[in-house]
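Here's work.txt, which has compact mmCIF, C-alpha atoms:
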```txt
# COMPACT_ATOMS: atom_id res chain seq x y z
CA MET A 16 -23.68 -9.71 24.85
CA ALA A 17 -24.09 -9.09 28.56
CA LEU A 18 -23.38 -11.73 31.16
CA GLY A 19 -26.20 -12.28 33.70
CA ALA A 20 -25.63 -11.53 37.38
CA GLU A 21 -25.44 -15.21 38.38
CA ALA A 22 -23.08 -16.21 35.62
CA SER A 23 -21.00 -13.12 36.32
CA GLY A 24 -20.64 -14.17 39.92
CA ARG A 25 -19.58 -17.66 38.86
CA LEU A 26 -17.06 -16.26 36.39
CA ALA A 27 -15.63 -13.86 38.97
CA ALA A 28 -15.34 -16.68 41.53
CA LEU A 29 -13.74 -18.99 38.98
CA LEU A 30 -11.22 -16.33 37.95
CA ARG A 31 -10.48 -15.32 41.54
CA ASP A 32 -10.03 -18.82 42.92
CA ASN A 33 -7.75 -19.84 40.08
CA ALA A 34 -6.08 -16.47 39.56
CA GLU A 35 -2.52 -17.83 39.44
CA GLN A 36 -3.36 -20.69 37.07
CA VAL A 37 -5.50 -18.58 34.71
CA THR A 38 -3.10 -15.69 34.29
CA LYS A 39 -0.17 -18.08 33.87
CA ARG A 40 -1.89 -20.07 31.11
CA TRP A 41 -3.31 -16.88 29.54
CA THR A 42 0.16 -15.32 29.41
CA GLU A 43 1.62 -18.48 27.87
CA ILE A 44 -0.96 -18.57 25.06
CA VAL A 45 -0.59 -14.86 24.21
CA ALA A 46 3.21 -15.00 24.48
CA ALA A 47 3.27 -17.83 21.93
CA SER A 48 1.44 -15.67 19.37
CA LEU A 49 3.71 -12.67 20.00
CA ARG A 50 6.97 -14.60 19.58
CA GLY A 51 8.89 -12.62 22.17
CA ARG A 52 8.13 -9.10 21.04
CA LEU A 53 6.80 -8.25 24.48
CA SER A 54 8.54 -9.48 27.62
CA GLN A 55 6.74 -12.21 29.57
CA ALA A 56 6.83 -10.11 32.75
CA GLU A 57 5.29 -7.08 31.06
CA LEU A 58 2.63 -9.18 29.33
CA ARG A 59 1.83 -10.94 32.60
CA ARG A 60 1.47 -7.57 34.35
CA GLN A 61 -0.98 -6.27 31.71
CA LEU A 62 -3.06 -9.45 31.69
CA GLU A 63 -3.15 -9.55 35.51
CA GLU A 64 -4.50 -6.02 35.47
CA LEU A 65 -7.20 -7.05 33.02
CA HIS A 66 -7.92 -10.10 35.16
CA ARG A 67 -8.30 -7.93 38.28
CA ALA A 68 -10.66 -5.54 36.49
CA LEU A 69 -12.74 -8.46 35.23
CA VAL A 70 -13.03 -10.02 38.72
CA ALA A 71 -13.87 -6.66 40.31
CA THR A 72 -16.60 -6.01 37.75
CA GLY A 73 -18.00 -9.55 38.04
CA GLU A 74 -18.30 -9.27 41.82
CA GLN A 75 -20.56 -6.25 41.42
CA GLY A 76 -23.09 -8.20 39.35
CA THR A 77 -23.89 -8.23 35.65
CA ILE A 78 -20.88 -7.80 33.39
CA ASP A 79 -21.92 -5.64 30.47
CA LEU A 80 -19.37 -3.41 28.79
CA ASP A 81 -22.02 -0.77 28.07
CA THR A 82 -22.98 -0.16 31.69
CA GLU A 83 -21.71 2.30 34.24
CA HIS A 84 -19.91 -0.10 36.58
CA ALA A 85 -17.83 -1.59 33.76
CA THR A 86 -15.99 1.73 33.40
CA GLU A 87 -12.80 0.34 34.90
CA LEU A 88 -12.88 -2.76 32.72
CA ARG A 89 -13.38 -0.59 29.62
CA ALA A 90 -10.52 1.67 30.67
CA VAL A 91 -8.15 -1.28 31.16
CA LEU A 92 -9.13 -2.76 27.76
CA ALA A 93 -8.75 0.60 26.01
CA GLU A 94 -5.39 1.19 27.70
CA LEU A 95 -4.14 -2.23 26.59
CA SER A 96 -5.15 -1.79 22.95
CA ARG A 97 -3.84 1.78 22.84
CA GLY A 98 -0.48 0.62 24.11
CA TRP A 99 -0.32 -2.27 21.67
CA ALA A 100 -1.42 -0.13 18.71
CA ARG A 101 1.35 2.37 19.47
CA GLN A 102 3.95 -0.38 19.84
CA GLY A 103 3.09 -1.63 16.36
CA PHE A 104 1.26 -4.85 17.19
CA SER A 105 -1.39 -5.86 14.65
CA ALA A 106 -5.12 -5.68 15.31
CA THR A 107 -5.29 -9.49 15.24
CA GLU A 108 -2.56 -9.84 17.85
CA THR A 109 -4.29 -7.36 20.10
CA ALA A 110 -7.64 -9.12 19.77
CA ILE A 111 -6.00 -12.52 20.36
CA ALA A 112 -4.64 -11.22 23.65
CA VAL A 113 -8.24 -10.98 24.83
CA PHE A 114 -9.60 -14.05 23.04
CA ALA A 115 -6.85 -16.22 24.55
CA LEU A 116 -8.69 -15.98 27.86
CA LYS A 117 -11.28 -18.35 26.32
CA ASP A 118 -8.70 -21.11 25.94
CA ALA A 119 -7.44 -20.60 29.46
CA LEU A 120 -11.02 -20.70 30.77
CA LEU A 121 -11.98 -23.74 28.72
CA GLU A 122 -9.18 -25.76 30.33
CA LEU A 123 -10.38 -24.71 33.77
CA ILE A 124 -14.03 -25.46 33.11
CA GLU A 125 -13.21 -28.80 31.50
CA ALA A 126 -11.17 -29.82 34.51
CA ARG A 127 -13.99 -28.83 36.86
CA GLY A 128 -16.72 -30.49 34.81
CA GLY A 129 -20.23 -30.41 36.24
CA GLU A 130 -23.70 -29.82 34.88
CA GLY A 131 -23.79 -26.19 33.69
CA ALA A 132 -20.22 -26.26 32.42
CA LEU A 133 -21.10 -25.97 28.74
CA ARG A 134 -23.73 -23.29 29.27
CA ASP A 135 -21.33 -21.29 31.43
CA TYR A 136 -18.55 -21.56 28.89
CA VAL A 137 -20.77 -20.32 26.07
CA ALA A 138 -21.90 -17.36 28.20
CA PHE A 139 -18.33 -16.52 29.20
CA ALA A 140 -17.19 -16.83 25.59
CA GLY A 141 -19.91 -14.37 24.54
CA LEU A 142 -18.63 -11.82 27.03
CA ILE A 143 -15.03 -12.33 25.91
CA ASP A 144 -16.13 -11.80 22.30
CA GLN A 145 -17.65 -8.49 23.32
CA MET A 146 -14.42 -7.54 25.08
CA GLY A 147 -12.45 -8.53 21.98
CA LEU A 148 -14.59 -6.35 19.75
CA PHE A 149 -14.23 -3.45 22.14
CA THR A 150 -10.44 -3.89 22.04
CA PHE A 151 -10.59 -3.97 18.28
CA GLU A 152 -12.51 -0.71 18.16
CA SER A 153 -10.14 1.11 20.51
CA PHE A 154 -7.27 -0.25 18.48
CA VAL A 155 -8.71 1.20 15.25
CA ARG A 156 -9.46 4.52 16.98
CA THR A 157 -5.86 4.75 18.20
CA ARG A 158 -4.52 3.98 14.74
CA GLU A 159 -6.81 6.57 13.17
CA SER A 160 -5.67 9.25 15.56
CA LEU A 161 -2.06 8.24 14.83
CA ILE A 162 -2.71 8.66 11.11
CA ALA A 163 -4.38 12.03 11.61
CA ASP A 164 -1.39 13.17 13.71
CA GLN A 165 1.02 12.01 11.05
CA ALA A 166 -0.91 13.78 8.28
CA GLU A 167 -0.64 16.97 10.30
CA GLN A 168 3.07 16.44 10.89
CA LEU A 169 3.60 15.76 7.18
CA LEU A 170 1.98 19.07 6.31
CA GLU A 171 4.54 20.74 8.57
CA LEU A 172 7.46 18.60 7.46
CA SER A 173 7.00 18.68 3.74
CA THR A 174 7.08 22.42 3.23
CA PRO A 175 10.45 23.77 4.29
CA VAL A 176 11.76 26.99 2.81
CA VAL A 177 15.55 26.82 2.63
CA LYS A 178 18.12 29.51 2.00
CA LEU A 179 20.40 28.46 -0.87
CA TRP A 180 22.51 31.56 -1.15
CA GLU A 181 22.55 35.13 0.05
CA GLY A 182 19.28 36.48 -1.35
CA VAL A 183 18.07 33.16 -2.78
CA VAL A 184 15.47 30.97 -1.06
CA ALA A 185 14.08 27.67 -2.35
CA VAL A 186 10.96 25.59 -1.69
CA PRO A 187 11.43 21.91 -2.55
CA LEU A 188 7.91 20.57 -3.08
CA VAL A 189 7.41 16.85 -2.45
CA GLY A 190 4.26 14.82 -3.02
CA THR A 191 0.74 15.92 -3.71
CA LEU A 192 0.09 19.64 -3.77
CA ASP A 193 -3.52 20.08 -2.68
CA SER A 194 -5.16 23.36 -1.70
CA ALA A 195 -4.26 23.04 1.98
CA ARG A 196 -0.58 22.42 1.29
CA ALA A 197 -0.43 25.04 -1.45
CA GLN A 198 -1.71 27.56 1.08
CA VAL A 199 0.94 26.54 3.63
CA VAL A 200 3.68 26.72 0.98
CA MET A 201 2.61 30.16 -0.19
CA GLU A 202 2.43 31.56 3.35
CA ARG A 203 5.84 30.14 4.27
CA LEU A 204 7.47 31.39 1.12
CA LEU A 205 6.08 34.91 1.36
CA GLN A 206 7.00 35.14 5.05
CA THR A 207 10.53 33.91 4.34
CA LEU A 208 10.89 36.48 1.54
CA VAL A 209 10.01 39.20 4.04
CA ASP A 210 12.22 37.80 6.82
CA THR A 211 15.31 37.34 4.68
CA GLY A 212 14.74 40.18 2.23
CA SER A 213 15.53 37.80 -0.63
CA PRO A 214 14.93 39.05 -4.17
CA TYR A 215 14.88 35.50 -5.63
CA ALA A 216 12.81 32.41 -4.90
CA ILE A 217 13.11 28.98 -6.52
CA ILE A 218 10.17 26.56 -6.46
CA ASP A 219 11.46 23.05 -7.08
CA ILE A 220 8.88 20.48 -8.23
CA THR A 221 11.20 17.48 -8.68
CA GLY A 222 9.24 15.63 -6.00
CA VAL A 223 5.77 16.32 -7.41
CA PRO A 224 4.66 13.16 -9.26
CA ALA A 225 2.02 14.79 -11.50
CA VAL A 226 1.37 18.40 -12.40
CA ASP A 227 -2.28 18.89 -13.29
CA THR A 228 -4.12 22.17 -13.80
CA GLN A 229 -4.86 22.56 -10.10
CA VAL A 230 -1.21 22.12 -9.09
CA ALA A 231 -0.15 24.49 -11.89
CA GLN A 232 -2.69 27.04 -10.76
CA HIS A 233 -1.41 26.88 -7.16
CA ILE A 234 2.18 27.35 -8.36
CA LEU A 235 1.20 30.24 -10.64
CA LYS A 236 -0.66 31.99 -7.81
CA THR A 237 2.37 31.60 -5.53
CA VAL A 238 4.63 33.06 -8.21
CA VAL A 239 2.31 36.02 -8.79
CA ALA A 240 2.08 36.70 -5.04
CA ALA A 241 5.87 36.59 -4.71
CA ARG A 242 6.19 38.98 -7.64
CA LEU A 243 3.81 41.42 -6.00
CA MET A 244 6.25 41.48 -3.13
CA GLY A 245 9.07 42.28 -5.51
CA ALA A 246 10.70 38.84 -5.68
CA ASP A 247 11.51 36.90 -8.83
CA CYS A 248 10.39 33.27 -8.96
CA ILE A 249 12.00 30.44 -10.89
CA ILE A 250 10.38 27.02 -11.24
CA SER A 251 12.85 24.14 -11.35
CA GLY A 252 12.79 20.37 -11.44
CA ILE A 253 10.66 19.99 -14.55
CA ARG A 254 11.29 16.43 -15.73
CA PRO A 255 10.70 15.36 -19.36
CA GLN A 256 7.40 13.57 -18.69
CA ILE A 257 6.10 16.56 -16.71
CA ALA A 258 7.11 18.96 -19.50
CA GLN A 259 5.25 16.87 -22.09
CA THR A 260 2.17 16.67 -19.89
CA ILE A 261 2.15 20.41 -19.27
CA VAL A 262 2.38 21.07 -23.03
CA ALA A 263 -0.47 18.64 -23.81
CA LEU A 264 -2.63 20.16 -21.08
CA GLY A 265 -2.05 23.60 -22.58
CA ILE A 266 -0.78 25.22 -19.39
CA GLU A 267 1.31 28.32 -20.08
CA PHE A 268 3.85 29.58 -17.62
CA GLY A 269 4.21 32.83 -19.57
CA ASP A 270 7.37 34.75 -18.77
CA ILE A 271 8.15 32.72 -15.63
CA ALA A 272 11.63 31.25 -15.85
CA THR A 273 11.66 27.44 -15.68
CA LYS A 274 14.66 25.13 -15.40
CA ALA A 275 15.19 21.38 -15.57
CA SER A 276 17.13 21.14 -12.32
CA LEU A 277 17.65 23.04 -9.11
CA ALA A 278 21.32 23.48 -10.02
CA ASP A 279 20.38 25.19 -13.29
CA ALA A 280 17.98 27.46 -11.45
CA LEU A 281 20.61 28.44 -8.88
CA ARG A 282 23.17 29.15 -11.61
CA HIS A 283 20.57 31.25 -13.45
CA VAL A 284 19.78 33.27 -10.32
CA LEU A 285 23.44 33.79 -9.43
CA ARG A 286 24.12 35.10 -12.92
CA LEU A 287 21.13 37.45 -12.63
CA SER A 288 22.36 38.77 -9.30
CA GLY A 289 25.85 39.31 -10.68
CA VAL A 290 27.68 36.60 -8.75
CA GLU A 291 30.63 35.36 -10.78
CA THR A 292 31.00 31.61 -10.91
CA ALA A 293 34.14 30.13 -12.34
CA ARG A 294 35.43 26.59 -12.51
CA ARG A 295 38.72 26.24 -10.73
CA GLN A 296 41.42 24.98 -13.04
CA SER A 297 42.79 21.62 -12.12
CA ARG A 298 46.48 21.48 -11.28
CA ARG A 299 47.43 19.40 -14.32
CA ASP A 300 46.13 22.03 -16.73
CA ALA A 301 47.98 24.84 -15.01
CA MET B 25 -17.72 2.29 -29.34
CA THR B 26 -14.08 1.97 -28.47
CA ALA B 27 -12.38 -1.25 -29.43
CA GLY B 28 -10.66 -3.64 -27.10
CA VAL B 29 -11.42 -6.52 -24.79
CA ASP B 30 -11.54 -6.03 -21.06
CA LEU B 31 -8.91 -7.96 -19.17
CA GLY B 32 -9.76 -8.83 -15.63
CA HIS B 33 -12.10 -7.03 -13.32
CA PRO B 34 -12.39 -3.27 -13.35
CA GLN B 35 -11.14 -1.65 -10.18
CA ALA B 36 -13.69 0.77 -8.80
CA GLN B 37 -13.25 3.73 -6.51
CA ALA B 38 -15.71 6.31 -5.25
CA ILE B 39 -14.96 10.01 -5.68
CA GLN B 40 -16.41 11.94 -2.77
CA SER B 41 -13.53 14.06 -1.46
CA ASP B 42 -10.14 15.54 -2.34
CA GLU B 43 -8.46 12.50 -0.75
CA ASP B 44 -10.36 10.29 -3.21
CA VAL B 45 -8.84 12.25 -6.11
CA VAL B 46 -5.40 11.34 -4.72
CA ARG B 47 -6.51 7.69 -4.43
CA VAL B 48 -7.71 7.72 -8.05
CA ARG B 49 -4.29 8.99 -9.14
CA GLN B 50 -2.55 6.22 -7.20
CA LEU B 51 -4.91 3.55 -8.53
CA VAL B 52 -4.44 4.71 -12.13
CA ARG B 53 -0.67 4.81 -11.71
CA THR B 54 -0.61 1.26 -10.32
CA VAL B 55 -2.73 -0.08 -13.20
CA ALA B 56 -0.73 1.91 -15.78
CA VAL B 57 2.55 0.48 -14.45
CA ALA B 58 1.10 -3.03 -14.58
CA ALA B 59 -0.03 -2.45 -18.19
CA LYS B 60 3.55 -1.45 -19.02
CA LEU B 61 2.81 2.08 -20.17
CA SER B 62 5.92 4.23 -20.62
CA LEU B 63 6.78 6.79 -17.94
CA VAL B 64 5.55 9.65 -20.14
CA ASP B 65 2.27 7.85 -20.89
CA GLN B 66 1.81 6.96 -17.21
CA THR B 67 2.25 10.59 -16.25
CA LYS B 68 -0.13 11.76 -18.99
CA LEU B 69 -2.80 9.26 -18.01
CA VAL B 70 -2.46 9.99 -14.29
CA THR B 71 -2.73 13.72 -14.98
CA ALA B 72 -5.80 13.23 -17.21
CA ALA B 73 -7.38 11.04 -14.51
CA SER B 74 -6.63 13.71 -11.93
CA GLU B 75 -8.40 16.36 -14.03
CA LEU B 76 -11.44 14.20 -14.76
CA ALA B 77 -11.72 12.97 -11.16
CA ARG B 78 -11.68 16.55 -9.94
CA ASN B 79 -14.35 17.49 -12.50
CA THR B 80 -16.47 14.57 -11.27
CA LEU B 81 -16.06 15.84 -7.71
CA VAL B 82 -16.44 19.59 -8.27
CA TYR B 83 -19.00 19.78 -11.09
CA GLY B 84 -20.69 16.37 -10.85
CA GLY B 85 -21.03 16.48 -7.07
CA GLY B 86 -19.09 13.23 -6.67
CA GLY B 87 -19.32 9.93 -8.52
CA THR B 88 -17.38 6.79 -9.28
CA VAL B 89 -14.38 5.73 -11.32
CA GLU B 90 -13.58 2.36 -12.86
CA VAL B 91 -10.10 1.45 -14.08
CA THR B 92 -9.66 -1.54 -16.42
CA THR B 93 -6.74 -3.04 -18.30
CA VAL B 94 -7.78 -3.57 -21.94
CA ASP B 95 -6.29 -5.39 -24.91
CA ASN B 96 -7.13 -4.79 -28.58
CA GLY B 97 -5.15 -7.77 -29.86
CA ARG B 98 -2.05 -5.78 -30.65
CA ARG B 99 -1.58 -3.53 -27.70
CA ARG B 100 -2.44 -3.29 -24.06
CA GLY B 101 -3.93 -0.21 -22.55
CA VAL B 102 -5.78 1.25 -19.63
CA ARG B 103 -9.39 2.39 -19.81
CA ILE B 104 -10.92 4.64 -17.19
CA LEU B 105 -14.62 5.42 -16.83
CA PHE B 106 -15.75 8.39 -14.77
CA ALA B 107 -19.45 8.59 -13.97
CA ASP B 108 -21.52 11.06 -12.02
CA SER B 109 -25.20 11.88 -11.82
CA GLY B 110 -24.71 15.62 -11.53
CA PRO B 111 -26.30 18.36 -13.63
CA GLY B 112 -24.50 17.29 -16.84
CA ILE B 113 -22.85 19.57 -19.40
CA VAL B 114 -25.28 21.72 -21.39
CA ASP B 115 -22.91 23.06 -24.05
CA LEU B 116 -20.22 20.44 -24.65
CA ASP B 117 -18.36 22.41 -27.34
CA LEU B 118 -18.06 25.35 -25.01
CA ALA B 119 -16.91 23.12 -22.13
CA LEU B 120 -14.21 21.66 -24.38
CA THR B 121 -12.89 25.13 -25.28
CA ASP B 122 -9.49 25.97 -23.80
CA GLY B 123 -9.76 28.50 -21.03
CA TYR B 124 -13.51 28.20 -20.50
CA THR B 125 -14.48 27.50 -16.88
CA THR B 126 -17.54 27.94 -14.72
CA GLY B 127 -15.46 27.29 -11.60
CA GLY B 128 -12.27 29.06 -10.59
CA GLY B 129 -9.82 26.85 -12.47
CA LEU B 130 -7.68 27.41 -15.53
CA GLY B 131 -10.36 26.02 -17.87
CA LEU B 132 -7.96 23.42 -19.26
CA GLY B 133 -9.00 20.29 -17.37
CA LEU B 134 -11.50 18.72 -19.77
CA SER B 135 -9.87 19.89 -23.01
CA GLY B 136 -6.40 19.12 -21.67
CA ALA B 137 -7.43 15.63 -20.54
CA ARG B 138 -8.71 14.95 -24.08
CA ARG B 139 -5.27 15.82 -25.50
CA LEU B 140 -3.49 13.62 -22.92
CA VAL B 141 -5.20 10.36 -23.87
CA ASP B 142 -5.61 8.30 -27.07
CA GLU B 143 -9.38 7.84 -26.95
CA PHE B 144 -11.87 10.17 -25.35
CA GLU B 145 -15.63 9.68 -25.18
CA ILE B 146 -18.13 11.79 -23.34
CA ASP B 147 -21.81 11.11 -22.81
CA THR B 148 -23.64 13.98 -21.20
CA GLY B 149 -26.58 16.33 -21.41
CA ALA B 150 -28.50 18.74 -19.21
CA GLY B 151 -29.85 16.81 -16.22
CA LYS B 152 -28.55 13.36 -17.23
CA GLY B 153 -25.18 13.31 -15.51
CA THR B 154 -21.83 12.83 -17.20
CA ARG B 155 -19.91 9.71 -18.24
CA VAL B 156 -16.39 10.15 -19.55
CA THR B 157 -14.39 7.20 -20.91
CA VAL B 158 -10.70 7.59 -21.71
CA THR B 159 -8.21 5.03 -23.00
CA LYS B 160 -4.44 5.15 -23.26
CA TRP B 161 -2.60 2.45 -25.23
CA ALA B 162 0.91 1.24 -24.52
CA ARG B 163 3.29 2.00 -27.36
```
Using structure tokens, write down the structure that the file contains.
Amino acid sequence: MALGAEASGRLAALLRDNAEQVTKRWTEIVAASLRGRLSQAELRRQLEELHRALVATGEQGTIDLDTEHATELRAVLAELSRGWARQGFSATETAIAVFALKDALLELIEARGGEGALRDYVAFAGLIDQMGLFTFESFVRTRESLIADQAEQLLELSTPVVKLWEGVVAVPLVGTLDSARAQVVMERLLQTLVDTGSPYAIIDITGVPAVDTQVAQHILKTVVAARLMGADCIISGIRPQIAQTIVALGIEFGDIATKASLADALRHVLRLSGVETARRQSRRDA
Amino acid sequence: MTAGVDLGHPQAQAIQSDEDVVRVRQLVRTVAVAAKLSLVDQTKLVTAASELARNTLVYGGGGTVEVTTVDNGRRRGVRILFADSGPGIVDLDLALTDGYTTGGGLGLGLSGARRLVDEFEIDTGAGKGTRVTVTKWAR
């Protein structure tokens, strides 16, 4: 809802003439809802900035968030909600920061009294609602971009290829293995095989909650690709419930070696590559 | 008709993207844990749901899923209904054959899902969409 030119002027004048009182009361109300998670001084600074932008916009005439001359006001609101979203404040808390201006204004208008007081307050409240909604939207946008960033980071994070031994690399898979991740895993693994010249690769699926036909197909393709490059693949981390599910589904791993744990797989590979492992005798037995 | 009384409201979820398939898995796991299915049965049901949800998405062009806790007087279980209004399955026997696929998969999804659950019902035909109902009982 836009605020007419006249009302805007009155609001700007009201805010300007009582700047100290309004920002002080505004800060108090918001601070109470935040319970000390943002310092009073910092909060005061942010609200004063918003106050300034609101006065500046009001002095130029109609306050409407959709128009050209409200650009600064929009920027200040967006900046505030972005900052709060990143600091982990909730959407409600961020919106309350704007809505609290209503309470501060109401006290002012009540004290002043006069004929158009009620009409003015309703008009002002409408504008503040619009500002609150705008804050809310920027807040959600910020959160969404945060989530998208994190999803991207997860894709990077969750697919490390680690060297377990001379000539043995392992990929510990964690979470859901969709096509995008399967592609990343396969590329990483094949590249690491080339870089390290390893003849053995272990794919560990301990962290994969459910192995369905799609996941199995991705793993099988990775194994076949690794074989084409001359490397042997072992699948480890097959838990009892996964084994039973794979059998019921009818998936066949053919001649691909599978082991219950990563340790078993490593022992298997070391034996294949001719590394002798022996348990050291304890002193008492000697 | 499968036996059993519905307990509580079914939880619905749309299947329109790969992310939705992940959500279906999580929803089914939550309900299965609440219905006290064993870890093996949870995993089997989640895997079956994953297969059927992907079929709904890939072959049915998207659809919906409904997950309900059921009780037949002696045991509790979880019932899942997958529905789409896609082209339907023309030859059901062929579709339920191991290794048969019209996509690029292993051809084990539908037949495998049937082996993973206790009750399996499918209502389909050319041009009438597909409705698959599966139930897994707690032991």
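For the set A:Ile124, A:Ile266, A:Leu80, A:Ala185, the residue with the smallest atom-to-atom gap to chain B is A:Ile266, counting only C-alpha atoms.
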For a quick check of understanding, using only C-alpha atoms, which of A:Val45, A:Glu125, A:Pro187, A:Phe151 has the smallest distance to Glu94 (chain A)?
A:Phe151
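For the set A:Gln102, A:Thr292, A:Asn33, A:Gln232, the residue with the smallest atom-to-atom gap to chain B is A:Gln232, counting only C-alpha atoms.
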Proximal residues of chain B relative to chain A (all atoms listed in the file; 10 Å) as an MDAnalysis selection string
chainID B and resid 42:43 46 49 62:75 78 122:123 128:141
Calculate, to one decimal in Å, the centre and edge lengths of the box along x, y and z of the file that holds all listed atoms of region 239-251 of chain A with 5 Å of margin on each side, and present them as AutoDock Vina command-line options.
```
--center_x 7.5 --center_y 33.2 --center_z -7.2 --size_x 20.8 --size_y 28.1 --size_z 18.2
```
With all atoms listed in the file as the counted atoms, please give the residues lying no more than 12 Å from Ser105 (chain A), apart from itself and same-chain residues fewer than 5 positions off, as number ranges by chain.
A: 48-49, 52, 96-100, 110-112, 150-151, 154-155, 158
Surrounding residues of Thr154 (chain B) excluding itself and chain neighbours under 4 positions, 7 Å, all atoms listed in the file, as a CSV table (one decimal) with C-alpha atoms, keeping the file's coordinate frame:
```csv
chain,number,residue,atom,x,y,z
B,107,ALA,CA,-19.4,8.6,-14.0
B,108,ASP,CA,-21.5,11.1,-12.0
B,109,SER,CA,-25.2,11.9,-11.8
B,110,GLY,CA,-24.7,15.6,-11.5
B,112,GLY,CA,-24.5,17.3,-16.8
B,147,ASP,CA,-21.8,11.1,-22.8
B,148,THR,CA,-23.6,14.0,-21.2
```
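You will find CA of Lys39 (chain A) at 19.6 Å from CA of Gly147 (chain A).
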Counting all atoms listed in the file, what is within 12 Å of Arg103 (chain B), bar same-chain residues fewer than 3 positions away, as a VMD selection string?
chain B and resid 26 to 36 52 55 to 56 59 69 to 70 72 to 73 89 to 96 100 106 141 to 145 156 to 162
Neighbourhood query: residues within 10 Å of (-22.4, 23.3, -21.2), file coordinates, counting only C-alpha atoms; return as a PDB file with C-alpha atoms, in the coordinates of the input.
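part10.pdb was written with the following content:
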```pdb
ATOM      1  CA  PRO B 111     -26.300  18.360 -13.630  1.00  0.00           C
ATOM      2  CA  GLY B 112     -24.500  17.290 -16.840  1.00  0.00           C
ATOM      3  CA  ILE B 113     -22.850  19.570 -19.400  1.00  0.00           C
ATOM      4  CA  VAL B 114     -25.280  21.720 -21.390  1.00  0.00           C
ATOM      5  CA  ASP B 115     -22.910  23.060 -24.050  1.00  0.00           C
ATOM      6  CA  LEU B 116     -20.220  20.440 -24.650  1.00  0.00           C
ATOM      7  CA  ASP B 117     -18.360  22.410 -27.340  1.00  0.00           C
ATOM      8  CA  LEU B 118     -18.060  25.350 -25.010  1.00  0.00           C
ATOM      9  CA  ALA B 119     -16.910  23.120 -22.130  1.00  0.00           C
ATOM     10  CA  LEU B 120     -14.210  21.660 -24.380  1.00  0.00           C
ATOM     11  CA  THR B 125     -14.480  27.500 -16.880  1.00  0.00           C
ATOM     12  CA  THR B 126     -17.540  27.940 -14.720  1.00  0.00           C
ATOM     13  CA  THR B 148     -23.640  13.980 -21.200  1.00  0.00           C
ATOM     14  CA  GLY B 149     -26.580  16.330 -21.410  1.00  0.00           C
ATOM     15  CA  ALA B 150     -28.500  18.740 -19.210  1.00  0.00           C
TER      16      ALA B 150
END
```
Would you mind putting N, CA and C atoms back on region 51-62 of chain B and writing the result as a PDB file, keeping the file's coordinate frame?
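Output contents, as saved in part_17.pdb:
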```pdb
ATOM      1  N   LEU B  51      -4.351   4.752  -7.899  1.00  0.00           N
ATOM      2  CA  LEU B  51      -4.910   3.550  -8.530  1.00  0.00           C
ATOM      3  C   LEU B  51      -4.544   3.510 -10.002  1.00  0.00           C
ATOM      4  N   VAL B  52      -4.722   4.652 -10.692  1.00  0.00           N
ATOM      5  CA  VAL B  52      -4.440   4.710 -12.130  1.00  0.00           C
ATOM      6  C   VAL B  52      -2.955   4.459 -12.366  1.00  0.00           C
ATOM      7  N   ARG B  53      -2.105   5.020 -11.511  1.00  0.00           N
ATOM      8  CA  ARG B  53      -0.670   4.810 -11.710  1.00  0.00           C
ATOM      9  C   ARG B  53      -0.318   3.337 -11.557  1.00  0.00           C
ATOM     10  N   THR B  54      -0.893   2.681 -10.536  1.00  0.00           N
ATOM     11  CA  THR B  54      -0.610   1.260 -10.320  1.00  0.00           C
ATOM     12  C   THR B  54      -1.015   0.436 -11.537  1.00  0.00           C
ATOM     13  N   VAL B  55      -2.234   0.683 -12.052  1.00  0.00           N
ATOM     14  CA  VAL B  55      -2.730  -0.080 -13.200  1.00  0.00           C
ATOM     15  C   VAL B  55      -1.883   0.228 -14.439  1.00  0.00           C
ATOM     16  N   ALA B  56      -1.514   1.505 -14.614  1.00  0.00           N
ATOM     17  CA  ALA B  56      -0.730   1.910 -15.780  1.00  0.00           C
ATOM     18  C   ALA B  56       0.656   1.247 -15.757  1.00  0.00           C
ATOM     19  N   VAL B  57       1.248   1.143 -14.574  1.00  0.00           N
ATOM     20  CA  VAL B  57       2.550   0.480 -14.450  1.00  0.00           C
ATOM     21  C   VAL B  57       2.410  -0.992 -14.807  1.00  0.00           C
ATOM     22  N   ALA B  58       1.326  -1.614 -14.309  1.00  0.00           N
ATOM     23  CA  ALA B  58       1.100  -3.030 -14.580  1.00  0.00           C
ATOM     24  C   ALA B  58       0.851  -3.283 -16.062  1.00  0.00           C
ATOM     25  N   ALA B  59       0.245  -2.298 -16.753  1.00  0.00           N
ATOM     26  CA  ALA B  59      -0.030  -2.450 -18.190  1.00  0.00           C
ATOM     27  C   ALA B  59       1.175  -2.070 -19.035  1.00  0.00           C
ATOM     28  N   LYS B  60       2.280  -1.758 -18.363  1.00  0.00           N
ATOM     29  CA  LYS B  60       3.550  -1.450 -19.020  1.00  0.00           C
ATOM     30  C   LYS B  60       3.487  -0.211 -19.911  1.00  0.00           C
ATOM     31  N   LEU B  61       2.777   0.807 -19.470  1.00  0.00           N
ATOM     32  CA  LEU B  61       2.810   2.080 -20.170  1.00  0.00           C
ATOM     33  C   LEU B  61       4.154   2.758 -19.883  1.00  0.00           C
ATOM     34  N   SER B  62       4.649   3.541 -20.847  1.00  0.00           N
ATOM     35  CA  SER B  62       5.920   4.230 -20.620  1.00  0.00           C
ATOM     36  C   SER B  62       5.738   5.310 -19.560  1.00  0.00           C
TER      37      SER B  62
END
```
